[in-house]
$ cat coords09.txt   # compact mmCIF, C-alpha atoms
# COMPACT_ATOMS: atom_id res chain seq x y z
CA MET A 1 -5.12 55.24 -94.85
CA SER A 2 -4.61 58.20 -92.70
CA GLY A 3 -1.02 57.04 -92.03
CA TYR A 4 -0.47 56.82 -95.74
CA VAL A 5 -1.86 60.34 -96.22
CA LYS A 6 0.31 61.64 -93.37
CA ARG A 7 3.39 60.09 -94.87
CA ARG A 8 2.47 61.40 -98.29
CA ARG A 9 1.92 64.93 -96.90
CA THR A 10 5.21 64.71 -95.06
CA LEU A 11 6.88 63.47 -98.21
CA VAL A 12 5.28 66.27 -100.26
CA ARG A 13 6.37 68.83 -97.63
CA SER A 14 9.87 67.39 -97.70
CA ILE A 15 9.97 67.62 -101.49
CA ASP A 16 8.66 71.19 -101.33
CA GLN A 17 11.31 72.07 -98.74
CA VAL A 18 14.03 70.52 -100.90
CA GLN A 19 12.80 72.47 -103.90
CA GLN A 20 12.75 75.68 -101.85
CA GLU A 21 16.26 75.02 -100.64
CA LEU A 22 17.38 74.35 -104.18
CA ALA A 23 15.73 77.59 -105.30
CA ARG A 24 17.45 79.64 -102.63
CA PRO A 25 21.01 79.27 -103.92
CA THR A 26 19.78 80.28 -107.35
CA SER A 27 18.27 83.42 -105.92
CA ARG A 28 21.43 83.97 -103.89
CA TRP A 29 23.50 83.64 -107.07
CA LEU A 30 21.20 86.04 -108.85
CA VAL A 31 21.58 88.55 -106.03
CA LEU A 32 25.35 88.10 -106.08
CA VAL A 33 25.47 88.51 -109.87
CA GLY A 34 23.22 91.58 -109.61
CA ILE A 35 25.49 93.13 -106.98
CA LEU A 36 28.55 92.42 -109.14
CA ILE A 37 26.91 93.99 -112.18
CA ILE A 38 25.96 97.09 -110.18
CA ALA A 39 29.50 97.28 -108.77
CA LEU A 40 30.98 97.03 -112.27
CA ILE A 41 28.66 99.74 -113.53
CA LEU A 42 29.65 102.02 -110.64
CA VAL A 43 33.35 101.35 -111.23
CA GLY A 44 32.81 102.10 -114.93
CA LEU A 45 31.06 105.37 -114.12
CA VAL A 46 33.83 106.45 -111.75
CA TRP A 47 36.48 105.51 -114.34
CA GLN A 48 34.60 107.47 -116.98
CA LYS A 49 34.44 110.57 -114.77
CA VAL A 50 38.16 110.32 -114.02
CA LYS A 51 38.97 109.92 -117.72
CA ILE A 52 36.78 112.91 -118.62
CA ALA A 53 38.56 115.02 -115.99
CA GLN A 54 41.94 113.98 -117.43
CA LEU A 55 40.84 114.83 -120.97
CA ILE A 56 39.51 118.22 -119.88
CA GLN A 57 42.83 118.96 -118.20
CA GLU A 58 44.72 117.90 -121.33
CA ILE A 59 42.48 120.09 -123.52
CA GLU A 60 43.12 123.10 -121.26
CA GLN A 61 46.87 122.48 -121.44
CA LEU A 62 46.75 122.20 -125.24
CA GLU A 63 44.71 125.42 -125.47
CA LYS A 64 47.36 127.21 -123.41
CA GLN A 65 50.07 125.88 -125.71
CA LEU A 66 48.08 126.97 -128.75
CA THR A 67 47.73 130.49 -127.34
CA TYR A 68 51.48 130.61 -126.61
CA TYR A 69 52.37 129.44 -130.12
CA LYS A 70 49.99 131.92 -131.74
CA GLU A 71 51.52 134.80 -129.75
CA THR A 72 55.04 133.60 -130.60
CA ASN A 73 54.08 133.34 -134.27
CA GLU A 74 52.74 136.91 -134.29
CA LYS A 75 55.97 138.18 -132.68
CA LEU A 76 58.10 136.30 -135.19
CA GLN A 77 56.07 137.61 -138.12
CA GLY A 78 56.61 141.14 -136.82
CA ARG A 79 60.32 140.44 -136.53
CA VAL A 80 60.42 139.09 -140.09
CA LEU A 81 58.68 142.23 -141.35
CA HIS A 82 61.18 144.40 -139.47
CA LEU A 83 64.23 142.46 -140.65
CA SER A 84 63.12 142.26 -144.28
CA ARG A 85 62.61 146.01 -144.78
CA GLU A 86 64.41 147.12 -147.94
CA ASP A 87 66.02 150.22 -146.38
CA ARG A 88 67.46 148.10 -143.55
CA ILE A 89 68.89 145.55 -145.98
CA VAL A 90 70.45 148.26 -148.16
CA SER A 91 71.93 149.97 -145.09
CA ILE A 92 73.53 146.74 -143.85
CA ALA A 93 74.82 145.94 -147.34
CA ARG A 94 76.52 149.35 -147.62
CA THR A 95 77.88 149.70 -144.09
CA LYS A 96 78.77 146.21 -142.98
CA LEU A 97 79.40 144.49 -146.28
CA ASN A 98 80.86 147.47 -148.19
CA MET A 99 78.53 146.86 -151.09
CA SER A 100 77.24 149.44 -153.54
CA TYR A 101 74.94 149.56 -156.49
CA PRO A 102 76.64 148.80 -159.80
CA PRO A 103 77.21 151.76 -162.14
CA TYR A 104 74.37 152.32 -164.50
CA GLU A 105 75.12 151.53 -168.11
CA ILE A 106 72.81 151.26 -171.00
CA VAL A 107 73.34 147.96 -172.63
CA ARG A 108 71.90 147.51 -176.05
CA ILE A 109 70.59 144.11 -176.84
CA PRO A 110 70.13 143.44 -180.52
CA MET A 111 66.64 142.32 -181.44
CA ILE A 112 66.32 139.57 -183.98
CA LYS A 113 63.25 139.66 -186.14
CA HIS A 114 62.68 136.82 -188.59
CA GLY A 115 66.31 136.00 -188.96
CA SER A 116 67.58 139.56 -189.40
CA GLU A 117 69.10 141.85 -186.78
CA VAL A 118 67.26 145.07 -185.90
CA ASN A 119 68.92 147.83 -183.82
CA LYS A 120 66.78 150.30 -182.01

$ encode --input "coords09.txt" --output "structure tokens"
Amino acid sequence: MSGYVKRRRTLVRSIDQVQQELARPTSRWLVLVGILIIALILVGLVWQKVKIAQLIQEIEQLEKQLTYYKETNEKLQGRVLHLSREDRIVSIARTKLNMSYPPYEIVRIPMIKHGSEVNK
């Protein structure tokens, strides 16, 4: 019986070895999958940092444009105020366009009150 026990032990060892060998690729796959996941996470983090840097740069550029447009708007509003002054418009109308105020006349407009004309 000792030969039978030896063969059985050998057979059990062989089965254990086969099971260990079968378990190794699974653990190798798990390690490989873990490394890939970590690599993807790192790539995602780097991409996120790059995207954030691009957005910050775009925001700074837009803020500069906003400042420029606000300054330009203030200048244009000042120009509008200057160009729309009444004395300037009257001066241009008289000198360049040869315009003058119409003569003053009193024009009477008849008032009608309940169907009858009333002059005042």

$ atom_distance --input "coords09.txt" --atom1 "CA of His82 in chain A" --atom2 "CA of Met99 in chain A"
21.0 Å

$ residues_around --input "coords09.txt" --residues "Tyr101 in chain A" --least-positions-apart "5" --cutoff "10 Å" --atoms "only C-alpha atoms" --output "PyMOL selection string"
chain A and resi 90+93-94

$ write_last_selection --input "coords09.txt" --atoms "C-alpha atoms" --output "compact mmCIF listing (two decimals), in the frame of the given file"
# COMPACT_ATOMS: atom_id res chain seq x y z
CA VAL A 90 70.45 148.26 -148.16
CA ALA A 93 74.82 145.94 -147.34
CA ARG A 94 76.52 149.35 -147.62

$ atom_distance --input "coords09.txt" --atom1 "CA of Leu42 in chain A" --atom2 "CA of Leu55 in chain A"
19.9 Å

$ atom_distance --input "coords09.txt" --atom1 "CA of Pro103 in chain A" --atom2 "CA of Arg85 in chain A"
23.4 Å

$ axis_aligned_box --input "coords09.txt" --around "range 82-95 of chain A" --padding-each-side "4 Å" --output "AutoDock Vina command-line options"
--center_x 69.5 --center_y 146.2 --center_z -143.8 --size_x 24.7 --size_y 16.0 --size_z 16.7
